Amino acid sequence: MNPTIFQVPMAPLPRSGEMTHVPNYALVPNTTDFRGVVPENLRAVMITWSFDGKQVAVTGSWDNWNRREPLQRMGKDFIIMKMLPAGVYHYRLIVDENFRHVPDLPWERDESGTAYNILDVQEYVPEAPESLSEFESSPSPVSSYNNESLNDNDFGKLPPEIPPQLQLTPLSEQSSATDSYQPQRRPRHAVLNHLYIQNSRGEPVALGSTNRFLQKYVTVVLYKPTRR
């Protein structure tokens with residue numbers, strides 16, 4: 001069984017959040033039970049509210065916003081532990097019957113202008129072993145190499161067709177430029193560790209590559225103006 005991951009969104013600096021009055025519905029008790037065996041496809045996620053308030057609850061897209069669950073007070077903070085499968089979720093905190101969001105965590109606004117936080121529950125990624133020798137393949141025999149020069153037939157061969165998995169690259173995806181955080185789709189494993197080039201007529205040349213570091217994905221794009 002994979003170990004559970006504790007993802008703890010914290011808000012160390014108090015700031016004024018967006019506030020919207022919500023109706024006074026009865027709080028639904030938190031029915032999550034951690035005494036049994038945790039399914040392998042679920043991850044333990046801790047949601048924390050570290051600001052002012054006397055009663056705090058949370059509602060989110062994990063159940064299509066059908067319930068709101070109370071957070072338990074622990075010292076100066078309010079916390080709740082939820083078991084969720086990997087994926088991206090939206091949620092709001094309800095503080096003293098007002099919608100609030102944690103400004104220090106990724107957030108966005110809906111069509112009505114109400115803010116919500118974004119929670120990205122990652123799949124478990126084991127730490128790299130100390131020794132990778134058992135995973136390394138044996139070197140190719142020396143007899144498989146030669147010093148023969150390339151001939152016309154070698155240069156006349158057509159390049160191999162690009163695999164369909166590489167048709168959609170980070171450079172081909174359109175990104176909207178906004179001041180707020182935009183959640184991105186998790187890259188496919190087939191597009192990792194490749195160097196892509198985008199050269200559109202009249203636009204700068206773009207070189208991009210996406211790499212994975214444990215549970216994080218980093219995309220680096222280098223732009224270079226075209227020569228005139």
# chains A, B, ... in the order shown; residues from 1 in each chain; ligands from 1

call {"tool": "residues_around", "arguments": {"residues": "Lys82 of chain A", "least_positions_apart": "2", "cutoff": "9 Å", "atoms": "only C-alpha atoms", "output": "VMD selection string"}}
result
chain A and resid 32 43 to 47 80 84

call {"tool": "write_last_selection", "arguments": {"atoms": "C-alpha atoms", "output": "mmCIF file, in the first residue's frame"}}
result
data_model
loop_
_atom_site.group_PDB
_atom_site.id
_atom_site.type_symbol
_atom_site.label_atom_id
_atom_site.label_comp_id
_atom_site.auth_asym_id
_atom_site.auth_seq_id
_atom_site.Cartn_x
_atom_site.Cartn_y
_atom_site.Cartn_z
ATOM 1 C CA THR A 32 -14.847 10.833 7.054
ATOM 2 C CA ARG A 43 -4.795 10.748 -0.471
ATOM 3 C CA ALA A 44 -5.052 12.429 2.929
ATOM 4 C CA VAL A 45 -5.407 16.194 2.450
ATOM 5 C CA MET A 46 -5.465 18.693 5.307
ATOM 6 C CA ILE A 47 -7.293 21.978 4.704
ATOM 7 C CA ILE A 80 -10.187 19.316 8.436
ATOM 8 C CA LEU A 84 -9.540 12.506 -1.981
#

call {"tool": "atom_distance", "arguments": {"atom1": "atom CA of Phe51 of chain A", "atom2": "atom CA of Asp77 of chain A"}}
result
7.3 Å

call {"tool": "select_by_dssp", "arguments": {"residues": "segment 56-200 of chain A", "states": "strand (DSSP E or B)", "output": "PyMOL selection string"}}
result
chain A and resi 56-60+69-70+72-74+77-85+87-95+98-100+107-109+115-121+196-198

call {"tool": "write_last_selection", "arguments": {"atoms": "C-alpha atoms", "output": "short mmCIF file (atom, residue, chain, number, x, y, z; two decimals), in the first residue's frame"}}
result
data_model
loop_
_atom_site.label_atom_id
_atom_site.label_comp_id
_atom_site.auth_asym_id
_atom_site.auth_seq_id
_atom_site.Cartn_x
_atom_site.Cartn_y
_atom_site.Cartn_z
CA VAL A 56 -15.49 27.67 9.79
CA ALA A 57 -16.72 25.15 7.23
CA VAL A 58 -15.62 24.07 3.76
CA THR A 59 -17.48 23.20 0.58
CA GLY A 60 -15.90 21.99 -2.63
CA GLU A 69 -18.29 20.30 6.42
CA PRO A 70 -17.18 22.00 9.65
CA GLN A 72 -12.25 21.60 13.90
CA ARG A 73 -10.45 24.21 15.98
CA MET A 74 -6.88 23.33 16.99
CA ASP A 77 -6.26 27.30 13.46
CA PHE A 78 -9.23 25.45 11.99
CA ILE A 79 -8.46 22.19 10.19
CA ILE A 80 -10.19 19.32 8.44
CA MET A 81 -8.75 16.11 7.00
CA LYS A 82 -10.28 14.77 3.78
CA MET A 83 -9.56 11.65 1.72
CA LEU A 84 -9.54 12.51 -1.98
CA PRO A 85 -8.34 10.81 -5.16
CA GLY A 87 -6.97 15.48 -9.21
CA VAL A 88 -7.64 19.22 -9.16
CA TYR A 89 -10.44 20.50 -6.92
CA HIS A 90 -12.04 23.87 -6.16
CA TYR A 91 -13.21 24.78 -2.66
CA ARG A 92 -14.37 27.70 -0.54
CA LEU A 93 -14.19 28.34 3.20
CA ILE A 94 -17.35 29.51 4.95
CA VAL A 95 -16.33 31.70 7.89
CA ASN A 98 -19.46 34.35 4.70
CA PHE A 99 -17.57 32.90 1.76
CA ARG A 100 -13.81 33.31 2.20
CA TRP A 107 -7.22 30.85 -6.20
CA GLU A 108 -9.52 32.02 -8.98
CA ARG A 109 -12.93 33.66 -9.42
CA ALA A 115 -13.27 33.64 -5.20
CA TYR A 116 -12.41 30.00 -4.58
CA ASN A 117 -9.18 28.14 -3.81
CA ILE A 118 -7.61 25.50 -6.04
CA LEU A 119 -6.32 22.23 -4.56
CA ASP A 120 -4.09 19.95 -6.65
CA VAL A 121 -3.95 16.50 -5.06
CA TYR A 196 10.28 21.29 -28.71
CA ILE A 197 10.61 24.16 -31.18
CA GLN A 198 7.88 26.47 -32.40
#

call {"tool": "atom_distance", "arguments": {"atom1": "atom CA of Thr114 of chain A", "atom2": "atom CA of Ser61 of chain A"}}
result
14.5 Å

call {"tool": "residues_around", "arguments": {"residues": "segment 209-225 of chain A", "least_positions_apart": "4", "cutoff": "7 Å", "atoms": "only C-alpha atoms", "output": "ChimeraX atom specification"}}
result
/A:122,125,192-196,204-205

call {"tool": "atom_distance", "arguments": {"atom1": "atom CA of Ala206 of chain A", "atom2": "atom CA of Leu171 of chain A"}}
result
7.7 Å
